[in-house]
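Structure file protein.pdb (PDB, C-alpha atoms, pLDDT in the B column) is printed below.
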ATOM      1  CA  MET A   1      11.850  37.325  18.404  1.00 73.00           C
ATOM      2  CA  ASN A   2      14.093  34.370  19.156  1.00 83.00           C
ATOM      3  CA  SER A   3      11.700  31.459  18.991  1.00 92.00           C
ATOM      4  CA  PRO A   4      11.269  29.705  15.625  1.00 95.00           C
ATOM      5  CA  LEU A   5       7.832  28.605  16.807  1.00 96.00           C
ATOM      6  CA  ALA A   6       6.808  32.175  17.549  1.00 97.00           C
ATOM      7  CA  ASN A   7       7.934  33.102  14.040  1.00 97.00           C
ATOM      8  CA  LYS A   8       5.878  30.248  12.602  1.00 97.00           C
ATOM      9  CA  LEU A   9       2.901  31.433  14.604  1.00 97.00           C
ATOM     10  CA  LYS A  10       3.394  34.965  13.301  1.00 97.00           C
ATOM     11  CA  ASP A  11       3.517  33.705   9.705  1.00 97.00           C
ATOM     12  CA  LEU A  12       0.395  31.678  10.303  1.00 98.00           C
ATOM     13  CA  LEU A  13      -1.544  34.601  11.714  1.00 98.00           C
ATOM     14  CA  ASP A  14      -0.219  37.037   9.104  1.00 97.00           C
ATOM     15  CA  ASN A  15      -1.425  34.766   6.329  1.00 97.00           C
ATOM     16  CA  MET A  16      -4.777  33.883   7.864  1.00 98.00           C
ATOM     17  CA  SER A  17      -7.762  36.059   7.083  1.00 98.00           C
ATOM     18  CA  GLN A  18      -9.718  37.452   9.991  1.00 97.00           C
ATOM     19  CA  GLU A  19     -12.697  35.478   8.751  1.00 97.00           C
ATOM     20  CA  GLU A  20     -10.794  32.174   8.813  1.00 97.00           C
ATOM     21  CA  PHE A  21      -9.305  33.047  12.196  1.00 98.00           C
ATOM     22  CA  ASN A  22     -12.722  33.836  13.637  1.00 97.00           C
ATOM     23  CA  LYS A  23     -14.085  30.534  12.373  1.00 97.00           C
ATOM     24  CA  GLN A  24     -11.394  28.551  14.163  1.00 97.00           C
ATOM     25  CA  TRP A  25     -11.326  30.802  17.189  1.00 98.00           C
ATOM     26  CA  ASP A  26     -15.070  30.602  17.743  1.00 97.00           C
ATOM     27  CA  GLU A  27     -14.811  26.813  17.927  1.00 97.00           C
ATOM     28  CA  ILE A  28     -12.116  27.080  20.575  1.00 96.00           C
ATOM     29  CA  VAL A  29     -13.971  29.741  22.540  1.00 97.00           C
ATOM     30  CA  SER A  30     -17.074  27.550  22.542  1.00 96.00           C
ATOM     31  CA  LEU A  31     -15.128  25.127  24.769  1.00 95.00           C
ATOM     32  CA  ASP A  32     -15.315  27.848  27.425  1.00 95.00           C
ATOM     33  CA  LEU A  33     -11.827  27.080  28.696  1.00 94.00           C
ATOM     34  CA  GLN A  34     -10.568  28.806  31.812  1.00 93.00           C
ATOM     35  CA  GLY A  35      -6.972  29.695  32.471  1.00 91.00           C
ATOM     36  CA  PRO A  36      -4.466  32.475  33.016  1.00 90.00           C
ATOM     37  CA  SER A  37      -5.004  35.588  30.950  1.00 92.00           C
ATOM     38  CA  PHE A  38      -2.321  37.215  28.846  1.00 93.00           C
ATOM     39  CA  ALA A  39      -2.376  40.118  31.294  1.00 89.00           C
ATOM     40  CA  ASP A  40      -1.797  37.818  34.284  1.00 86.00           C
ATOM     41  CA  VAL A  41       1.129  36.086  32.601  1.00 86.00           C
ATOM     42  CA  LEU A  42       2.718  39.381  31.626  1.00 85.00           C
ATOM     43  CA  GLU A  43       2.182  40.803  35.110  1.00 81.00           C
ATOM     44  CA  TYR A  44       3.747  37.715  36.672  1.00 73.00           C
ATOM     45  CA  ASN A  45       6.659  38.019  34.320  1.00 71.00           C
ATOM     46  CA  ALA A  46       7.181  41.671  35.145  1.00 71.00           C
ATOM     47  CA  SER A  47       7.049  41.113  38.874  1.00 64.00           C
ATOM     48  CA  HIS A  48       9.099  37.932  39.096  1.00 59.00           C
ATOM     49  CA  PHE A  49      11.670  38.172  36.349  1.00 55.00           C
ATOM     50  CA  ASN A  50      12.509  41.865  36.301  1.00 54.00           C
ATOM     51  CA  VAL A  51      13.304  41.952  39.987  1.00 50.00           C
ATOM     52  CA  ASP A  52      14.914  44.581  42.144  1.00 52.00           C
ATOM     53  CA  TYR A  53      17.841  43.143  43.968  1.00 49.00           C
ATOM     54  CA  ASP A  54      19.057  44.077  47.401  1.00 53.00           C
ATOM     55  CA  LEU A  55      22.304  45.725  46.475  1.00 52.00           C
ATOM     56  CA  PRO A  56      25.185  45.405  48.895  1.00 52.00           C
ATOM     57  CA  GLU A  57      26.413  48.427  50.760  1.00 59.00           C
ATOM     58  CA  GLU A  58      29.223  50.355  49.193  1.00 59.00           C
ATOM     59  CA  GLY A  59      32.607  49.098  50.246  1.00 58.00           C
ATOM     60  CA  THR A  60      31.462  45.513  50.790  1.00 56.00           C
ATOM     61  CA  ILE A  61      34.377  43.159  50.327  1.00 53.00           C
ATOM     62  CA  TYR A  62      33.610  39.894  48.583  1.00 50.00           C
ATOM     63  CA  ASN A  63      35.405  36.636  48.864  1.00 50.00           C
ATOM     64  CA  VAL A  64      35.733  36.157  45.097  1.00 47.00           C
ATOM     65  CA  PRO A  65      37.379  32.976  43.815  1.00 47.00           C
ATOM     66  CA  THR A  66      40.749  33.843  42.354  1.00 47.00           C
ATOM     67  CA  ASN A  67      40.528  32.090  39.039  1.00 45.00           C
ATOM     68  CA  SER A  68      40.546  33.766  35.663  1.00 46.00           C
ATOM     69  CA  TYR A  69      37.624  31.972  34.087  1.00 45.00           C
ATOM     70  CA  ASN A  70      34.749  34.075  35.440  1.00 43.00           C
ATOM     71  CA  LEU A  71      33.006  30.961  36.567  1.00 49.00           C
ATOM     72  CA  ALA A  72      29.424  31.333  37.658  1.00 48.00           C
ATOM     73  CA  ALA A  73      30.151  29.501  40.879  1.00 44.00           C
TER      74      ALA A  73
ATOM     75  CA  MET B   1      18.773  13.937  36.276  1.00 60.00           C
ATOM     76  CA  SER B   2      16.480  11.489  34.539  1.00 73.00           C
ATOM     77  CA  ASN B   3      13.956  12.811  32.072  1.00 93.00           C
ATOM     78  CA  ILE B   4      11.589  10.006  32.949  1.00 96.00           C
ATOM     79  CA  VAL B   5       9.338  10.892  35.855  1.00 97.00           C
ATOM     80  CA  THR B   6       6.722   9.039  37.828  1.00 98.00           C
ATOM     81  CA  ALA B   7       3.312  10.599  37.307  1.00 98.00           C
ATOM     82  CA  TYR B   8       0.017  10.282  39.157  1.00 98.00           C
ATOM     83  CA  GLN B   9      -3.516  10.811  37.907  1.00 98.00           C
ATOM     84  CA  THR B  10      -6.390  11.194  40.366  1.00 97.00           C
ATOM     85  CA  LEU B  11      -9.696   9.684  39.248  1.00 97.00           C
ATOM     86  CA  GLU B  12     -13.127   9.178  40.717  1.00 96.00           C
ATOM     87  CA  ASP B  13     -13.550   5.703  42.198  1.00 96.00           C
ATOM     88  CA  ARG B  14     -16.578   4.140  40.528  1.00 96.00           C
ATOM     89  CA  ASP B  15     -15.655   0.590  41.548  1.00 95.00           C
ATOM     90  CA  ASN B  16     -14.096   0.137  38.126  1.00 95.00           C
ATOM     91  CA  ILE B  17     -10.393  -0.405  38.740  1.00 95.00           C
ATOM     92  CA  ASP B  18     -10.066  -2.945  35.920  1.00 95.00           C
ATOM     93  CA  GLU B  19     -11.599  -0.476  33.491  1.00 96.00           C
ATOM     94  CA  ILE B  20      -9.279   2.274  34.717  1.00 96.00           C
ATOM     95  CA  GLU B  21      -6.164   0.154  34.344  1.00 96.00           C
ATOM     96  CA  PHE B  22      -7.247  -1.037  30.906  1.00 95.00           C
ATOM     97  CA  GLY B  23      -8.444   2.278  29.503  1.00 95.00           C
ATOM     98  CA  GLY B  24      -6.500   4.813  31.530  1.00 95.00           C
ATOM     99  CA  PRO B  25      -5.122   7.311  31.857  1.00 97.00           C
ATOM    100  CA  PHE B  26      -8.003   9.555  30.856  1.00 97.00           C
ATOM    101  CA  LYS B  27      -8.108  12.811  28.960  1.00 96.00           C
ATOM    102  CA  CYS B  28      -9.392  15.908  30.714  1.00 94.00           C
ATOM    103  CA  THR B  29     -11.743  17.950  28.576  1.00 92.00           C
ATOM    104  CA  ARG B  30     -13.210  19.990  31.403  1.00 90.00           C
ATOM    105  CA  ASN B  31     -13.268  23.727  30.870  1.00 88.00           C
ATOM    106  CA  ASP B  32     -10.892  24.309  33.776  1.00 87.00           C
ATOM    107  CA  ALA B  33      -8.147  22.355  32.011  1.00 88.00           C
ATOM    108  CA  TRP B  34      -5.879  25.371  32.265  1.00 88.00           C
ATOM    109  CA  LEU B  35      -3.271  24.130  29.775  1.00 92.00           C
ATOM    110  CA  GLY B  36      -5.866  22.989  27.266  1.00 92.00           C
ATOM    111  CA  HIS B  37      -7.303  19.537  26.766  1.00 93.00           C
ATOM    112  CA  GLY B  38      -4.933  16.724  27.655  1.00 96.00           C
ATOM    113  CA  TYR B  39      -4.006  14.011  30.124  1.00 97.00           C
ATOM    114  CA  TYR B  40      -3.229  15.702  33.437  1.00 97.00           C
ATOM    115  CA  PHE B  41      -0.831  14.250  35.994  1.00 97.00           C
ATOM    116  CA  TRP B  42       0.937  15.268  39.160  1.00 97.00           C
ATOM    117  CA  ASP B  43       4.699  15.064  38.779  1.00 97.00           C
ATOM    118  CA  THR B  44       6.447  12.639  41.166  1.00 96.00           C
ATOM    119  CA  ASN B  45       4.755  13.642  44.456  1.00 95.00           C
ATOM    120  CA  ILE B  46       1.776  11.430  45.250  1.00 97.00           C
ATOM    121  CA  ASP B  47       0.749  13.742  48.105  1.00 95.00           C
ATOM    122  CA  TRP B  48      -0.439  16.293  45.533  1.00 93.00           C
ATOM    123  CA  ALA B  49      -2.604  13.621  43.908  1.00 96.00           C
ATOM    124  CA  ILE B  50      -4.056  12.629  47.277  1.00 97.00           C
ATOM    125  CA  ALA B  51      -4.753  16.255  48.191  1.00 93.00           C
ATOM    126  CA  TRP B  52      -6.480  16.769  44.837  1.00 93.00           C
ATOM    127  CA  GLY B  53      -8.607  13.683  45.384  1.00 96.00           C
ATOM    128  CA  THR B  54      -9.563  14.821  48.856  1.00 96.00           C
ATOM    129  CA  GLY B  55     -10.628  18.249  47.621  1.00 93.00           C
ATOM    130  CA  SER B  56     -12.354  17.101  44.467  1.00 93.00           C
ATOM    131  CA  TYR B  57     -13.990  13.864  45.598  1.00 96.00           C
ATOM    132  CA  ILE B  58     -13.914  13.136  49.344  1.00 96.00           C
ATOM    133  CA  ASN B  59     -15.204  16.590  50.234  1.00 94.00           C
ATOM    134  CA  LYS B  60     -18.101  15.971  47.853  1.00 95.00           C
ATOM    135  CA  GLY B  61     -18.973  12.589  49.319  1.00 97.00           C
ATOM    136  CA  LYS B  62     -17.229  10.566  46.620  1.00 97.00           C
ATOM    137  CA  LYS B  63     -14.221   8.260  46.560  1.00 97.00           C
ATOM    138  CA  PHE B  64     -11.099   8.427  44.451  1.00 97.00           C
ATOM    139  CA  VAL B  65      -8.258   6.296  43.211  1.00 98.00           C
ATOM    140  CA  ILE B  66      -4.827   7.214  41.931  1.00 98.00           C
ATOM    141  CA  GLY B  67      -3.231   5.712  38.861  1.00 98.00           C
ATOM    142  CA  ARG B  68       0.509   5.714  38.343  1.00 98.00           C
ATOM    143  CA  CYS B  69       2.652   5.531  35.216  1.00 98.00           C
ATOM    144  CA  ARG B  70       5.887   7.036  33.946  1.00 98.00           C
ATOM    145  CA  ILE B  71       6.289   9.884  31.492  1.00 98.00           C
ATOM    146  CA  ASP B  72       9.255  10.588  29.243  1.00 97.00           C
ATOM    147  CA  LEU B  73       9.902  14.321  29.367  1.00 96.00           C
ATOM    148  CA  SER B  74      12.863  14.104  26.987  1.00 95.00           C
ATOM    149  CA  LYS B  75      10.486  14.075  24.039  1.00 90.00           C
ATOM    150  CA  ASP B  76       9.420  17.633  23.300  1.00 95.00           C
ATOM    151  CA  CYS B  77       8.185  18.735  26.699  1.00 97.00           C
ATOM    152  CA  PHE B  78       7.196  22.408  26.934  1.00 97.00           C
ATOM    153  CA  ASP B  79       8.707  22.816  30.370  1.00 97.00           C
ATOM    154  CA  LEU B  80       7.498  25.984  32.077  1.00 94.00           C
ATOM    155  CA  VAL B  81       9.054  24.871  35.362  1.00 92.00           C
ATOM    156  CA  GLY B  82      12.571  23.870  34.427  1.00 89.00           C
ATOM    157  CA  CYS B  83      13.308  25.699  31.178  1.00 93.00           C
ATOM    158  CA  VAL B  84      13.536  29.484  31.135  1.00 92.00           C
ATOM    159  CA  ALA B  85      13.672  29.475  27.323  1.00 94.00           C
ATOM    160  CA  HIS B  86      10.244  27.869  27.207  1.00 95.00           C
ATOM    161  CA  TRP B  87       8.813  30.487  29.533  1.00 92.00           C
ATOM    162  CA  GLN B  88      10.236  33.178  27.261  1.00 93.00           C
ATOM    163  CA  GLU B  89       8.767  31.352  24.289  1.00 95.00           C
ATOM    164  CA  LEU B  90       5.320  31.482  25.889  1.00 95.00           C
ATOM    165  CA  LEU B  91       5.739  35.236  26.308  1.00 94.00           C
ATOM    166  CA  GLU B  92       6.611  35.486  22.615  1.00 95.00           C
ATOM    167  CA  PHE B  93       3.470  33.543  21.674  1.00 96.00           C
ATOM    168  CA  ILE B  94       1.432  36.030  23.676  1.00 96.00           C
ATOM    169  CA  GLU B  95       3.242  38.930  22.042  1.00 95.00           C
ATOM    170  CA  VAL B  96       2.516  37.550  18.573  1.00 96.00           C
ATOM    171  CA  PHE B  97      -1.176  37.085  19.327  1.00 96.00           C
ATOM    172  CA  THR B  98      -1.402  40.536  20.865  1.00 95.00           C
ATOM    173  CA  SER B  99       0.350  42.229  17.924  1.00 95.00           C
ATOM    174  CA  SER B 100      -1.852  40.439  15.426  1.00 96.00           C
ATOM    175  CA  GLN B 101      -4.939  42.092  16.967  1.00 96.00           C
ATOM    176  CA  LYS B 102      -6.979  39.141  15.795  1.00 97.00           C
ATOM    177  CA  ILE B 103      -8.588  38.426  19.180  1.00 96.00           C
ATOM    178  CA  SER B 104     -11.154  41.154  19.674  1.00 94.00           C
ATOM    179  CA  ASP B 105     -12.583  40.125  23.057  1.00 95.00           C
ATOM    180  CA  PRO B 106     -10.022  40.610  25.876  1.00 93.00           C
ATOM    181  CA  LYS B 107     -11.716  37.887  27.937  1.00 95.00           C
ATOM    182  CA  GLN B 108     -10.750  35.357  25.287  1.00 96.00           C
ATOM    183  CA  ARG B 109      -7.058  36.201  25.563  1.00 96.00           C
ATOM    184  CA  ILE B 110      -6.129  33.272  27.783  1.00 96.00           C
ATOM    185  CA  VAL B 111      -3.330  30.720  27.644  1.00 95.00           C
ATOM    186  CA  PRO B 112      -5.388  27.558  27.024  1.00 95.00           C
ATOM    187  CA  ASN B 113      -7.079  29.164  24.019  1.00 96.00           C
ATOM    188  CA  ILE B 114      -3.795  29.955  22.302  1.00 96.00           C
ATOM    189  CA  ILE B 115      -2.403  26.491  23.043  1.00 96.00           C
ATOM    190  CA  MET B 116      -5.514  24.916  21.540  1.00 96.00           C
ATOM    191  CA  PHE B 117      -5.260  27.189  18.506  1.00 98.00           C
ATOM    192  CA  MET B 118      -1.590  26.436  17.974  1.00 98.00           C
ATOM    193  CA  LYS B 119      -2.118  22.678  18.345  1.00 97.00           C
ATOM    194  CA  GLN B 120      -4.957  22.821  15.842  1.00 96.00           C
ATOM    195  CA  ASN B 121      -2.733  24.559  13.315  1.00 98.00           C
ATOM    196  CA  GLY B 122       0.363  22.421  13.736  1.00 97.00           C
ATOM    197  CA  VAL B 123       2.566  25.096  15.283  1.00 97.00           C
ATOM    198  CA  PHE B 124       2.714  23.606  18.761  1.00 97.00           C
ATOM    199  CA  PRO B 125       4.810  20.451  18.331  1.00 96.00           C
ATOM    200  CA  TYR B 126       5.240  19.772  22.030  1.00 97.00           C
ATOM    201  CA  LYS B 127       4.015  16.449  23.323  1.00 97.00           C
ATOM    202  CA  SER B 128       3.612  17.515  26.932  1.00 97.00           C
ATOM    203  CA  ILE B 129       3.507  20.671  29.036  1.00 97.00           C
ATOM    204  CA  ARG B 130       4.998  20.876  32.515  1.00 97.00           C
ATOM    205  CA  ALA B 131       3.814  23.718  34.721  1.00 95.00           C
ATOM    206  CA  ALA B 132       3.762  24.670  38.389  1.00 90.00           C
ATOM    207  CA  ASP B 133       0.945  26.016  40.444  1.00 79.00           C
ATOM    208  CA  PHE B 134       0.994  27.644  43.815  1.00 70.00           C
ATOM    209  CA  HIS B 135      -1.713  27.016  46.300  1.00 67.00           C
ATOM    210  CA  ASN B 136      -2.806  29.494  48.926  1.00 66.00           C
ATOM    211  CA  ARG B 137      -0.208  28.709  51.531  1.00 71.00           C
ATOM    212  CA  LYS B 138       3.017  29.113  49.648  1.00 70.00           C
ATOM    213  CA  ILE B 139       6.139  28.680  51.712  1.00 72.00           C
ATOM    214  CA  GLN B 140       8.840  31.230  51.041  1.00 74.00           C
ATOM    215  CA  LEU B 141      12.353  30.256  51.914  1.00 76.00           C
ATOM    216  CA  TYR B 142      14.357  33.459  52.272  1.00 79.00           C
ATOM    217  CA  PHE B 143      17.949  33.281  51.133  1.00 76.00           C
ATOM    218  CA  LYS B 144      19.094  35.331  54.085  1.00 78.00           C
ATOM    219  CA  GLU B 145      17.172  36.723  57.018  1.00 76.00           C
ATOM    220  CA  ASP B 146      17.468  40.388  56.096  1.00 77.00           C
ATOM    221  CA  HIS B 147      17.136  39.981  52.315  1.00 75.00           C
ATOM    222  CA  ARG B 148      14.035  40.105  50.133  1.00 76.00           C
ATOM    223  CA  GLU B 149      14.955  37.281  47.771  1.00 77.00           C
ATOM    224  CA  PHE B 150      13.313  33.959  48.427  1.00 74.00           C
ATOM    225  CA  MET B 151      12.323  30.790  46.696  1.00 74.00           C
ATOM    226  CA  VAL B 152       8.959  29.106  46.942  1.00 73.00           C
ATOM    227  CA  ILE B 153       9.539  25.536  48.026  1.00 72.00           C
ATOM    228  CA  ASN B 154       6.077  24.042  47.947  1.00 71.00           C
ATOM    229  CA  GLN B 155       5.003  24.631  44.374  1.00 82.00           C
ATOM    230  CA  ARG B 156       3.063  21.770  42.867  1.00 90.00           C
ATOM    231  CA  VAL B 157       4.064  20.527  39.447  1.00 95.00           C
ATOM    232  CA  GLN B 158       1.610  19.239  36.870  1.00 96.00           C
ATOM    233  CA  ILE B 159       2.168  17.606  33.522  1.00 97.00           C
ATOM    234  CA  CYS B 160      -0.373  17.884  30.741  1.00 97.00           C
ATOM    235  CA  VAL B 161       0.343  15.162  28.195  1.00 97.00           C
ATOM    236  CA  ILE B 162      -0.807  15.970  24.681  1.00 96.00           C
ATOM    237  CA  ASP B 163       0.548  12.991  22.763  1.00 93.00           C
ATOM    238  CA  ILE B 164       0.087  10.016  25.012  1.00 93.00           C
ATOM    239  CA  LYS B 165       1.474   7.448  22.605  1.00 94.00           C
ATOM    240  CA  GLU B 166       4.804   9.215  22.388  1.00 92.00           C
ATOM    241  CA  VAL B 167       5.596   9.954  26.005  1.00 96.00           C
ATOM    242  CA  LEU B 168       3.602   7.716  28.327  1.00 96.00           C
ATOM    243  CA  LEU B 169       5.291   4.584  29.539  1.00 96.00           C
ATOM    244  CA  HIS B 170       2.897   1.839  30.540  1.00 90.00           C
ATOM    245  CA  PRO B 171       1.650   0.237  32.657  1.00 95.00           C
ATOM    246  CA  PHE B 172      -0.902   2.585  34.129  1.00 96.00           C
ATOM    247  CA  SER B 173      -1.664   0.978  37.469  1.00 97.00           C
ATOM    248  CA  VAL B 174      -4.011   1.916  40.273  1.00 97.00           C
ATOM    249  CA  ILE B 175      -1.811   2.197  43.355  1.00 97.00           C
ATOM    250  CA  TYR B 176      -4.028   4.132  45.786  1.00 96.00           C
ATOM    251  CA  PRO B 177      -5.689   3.178  47.991  1.00 93.00           C
ATOM    252  CA  GLU B 178      -3.328   0.298  48.638  1.00 85.00           C
TER     253      GLU B 178
END
Final structure tokens representation of the file:
Amino acid sequence: MNSPLANKLKDLLDNMSQEEFNKQWDEIVSLDLQGPSFADVLEYNASHFNVDYDLPEEGTIYNVPTNSYNLAA
Amino acid sequence: MSNIVTAYQTLEDRDNIDEIEFGGPFKCTRNDAWLGHGYYFWDTNIDWAIAWGTGSYINKGKKFVIGRCRIDLSKDCFDLVGCVAHWQELLEFIEVFTSSQKISDPKQRIVPNIIMFMKQNGVFPYKSIRAADFHNRKIQLYFKEDHREFMVINQRVQICVIDIKEVLLHPFSVIYPE
């Protein structure tokens, strides 16, 4: 994990009893909020970030800038 | 690019413009507040605010007004539109919740619930959330005619302000209808 916040969240959950979690969670659930599910977010991520690219045909010649800095131009 | 954006909030017109300008903007605590409770705005494009008002009020026989203010996104904005790292962070939050196995009912595993939980426990320090939504008729602009890659050019961008004192720049003025 790279995110310090995610690590803080993990620590929080690791150190919170299920009973205490349920108490807080039940209050939140009682708000009956609607929004994207974990599954939807993960599905979106899989379909939009891990994309298949149209690869060029073999032998395609590119007009690559001739500098030595590997610029992402 | 400036981190201060113009923001619009659509509100029901109850012939109370003075009250709106004095007390607004207003917090959304409806259950379809998909980023959790907060002050919801449309980012920069007033047409989105007008379209929302038409769908939510005019079509139901009501009237609406639009209030305008500015929002400072440089102060801890969780930007799911313009910051890939924040999107990845959201995925990590989901991963942590999933691994913890603390949420027993799958139907309760939704984004607004975890944002509310994190805010409540002081592990969500962001003062606003910026997110895009796509309506039914998304316009795909293909990079090249015979390629599959495209970008969606008509996404709408919302801002959910959590800490209004920190990021909202007054005045909040009713500017629609003129």
Which residues of chain B are close to chain A, meaning at most 6 Å apart when you count only C-alpha atoms, and how do they look as a compact mmCIF listing (two decimals) with C-alpha atoms, in the frame of the given file?
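Output file iface10.txt follows:
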# COMPACT_ATOMS: atom_id res chain seq x y z
CA ASN B 31 -13.27 23.73 30.87
CA ASP B 32 -10.89 24.31 33.78
CA TRP B 34 -5.88 25.37 32.26
CA PHE B 93 3.47 33.54 21.67
CA VAL B 96 2.52 37.55 18.57
CA ARG B 109 -7.06 36.20 25.56
CA ILE B 110 -6.13 33.27 27.78
CA VAL B 111 -3.33 30.72 27.64
TODO: Quote the spacing between atom CA of Pro25 of chain B and atom CA of Ile153 of chain B in Å to one decimal place.
DONE: 28.4 Å
Open item on the list: Please enumerate the residues selected by the PyMOL selection byres ((chain B and resi 63-79) around 8) when evaluated against the supplied file, formatted as a PyMOL selection string.
Closed with: chain B and resi 3-14+21+25+49-50+53-54+57-58+61-62+80-83+86-87+125-131+166-177
Task: Between atom CA of Asn154 of chain B and atom CA of Gln88 of chain B - distance in Å to one decimal - done: 23.0 Å
Task: Answer key for the PyMOL selection byres ((chain B and resi 152) around 8), residues as a VMD selection string - done: chain B and resid 138 to 141 150 to 151 153 to 155
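Taking atom CA of Met118 of chain B and atom CA of Glu89 of chain B as endpoints, the distance between them is 13.1 Å.
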- [ ] Counting only C-alpha atoms, figure out which residue out of B:Thr44, B:Ala132, B:Arg137, B:Ile164 gets nearest to Phe26 of chain B.
- [x]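 Ranked by minimum distance to Phe26 of chain B, first place goes to B:Ile164.
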Task: Best match for closeness to Lys119 of chain B among B:His37, B:Phe143, B:Val84, B:Glu149, counting all atoms listed in the file - done: B:His37
Take segment 6-20 of chain A from the block and save it with C-alpha atoms, as an mmCIF file, in the first residue's frame.
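Written output follows (part24.cif):
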data_model
loop_
_atom_site.group_PDB
_atom_site.id
_atom_site.type_symbol
_atom_site.label_atom_id
_atom_site.label_comp_id
_atom_site.auth_asym_id
_atom_site.auth_seq_id
_atom_site.Cartn_x
_atom_site.Cartn_y
_atom_site.Cartn_z
ATOM 1 C CA ALA A 6 -4.922 3.820 3.722
ATOM 2 C CA ASN A 7 -2.350 2.690 6.281
ATOM 3 C CA LYS A 8 -4.019 4.832 8.939
ATOM 4 C CA LEU A 9 -7.356 3.328 8.003
ATOM 5 C CA LYS A 10 -5.890 -0.164 8.270
ATOM 6 C CA ASP A 11 -4.493 0.603 11.733
ATOM 7 C CA LEU A 12 -7.837 1.993 12.780
ATOM 8 C CA LEU A 13 -9.755 -1.056 11.631
ATOM 9 C CA ASP A 14 -7.159 -3.487 12.994
ATOM 10 C CA ASN A 15 -7.436 -1.909 16.421
ATOM 11 C CA MET A 16 -11.210 -1.550 16.472
ATOM 12 C CA SER A 17 -13.285 -4.386 17.851
ATOM 13 C CA GLN A 18 -16.040 -5.757 15.671
ATOM 14 C CA GLU A 19 -18.500 -4.633 18.314
ATOM 15 C CA GLU A 20 -17.266 -1.026 18.224
#
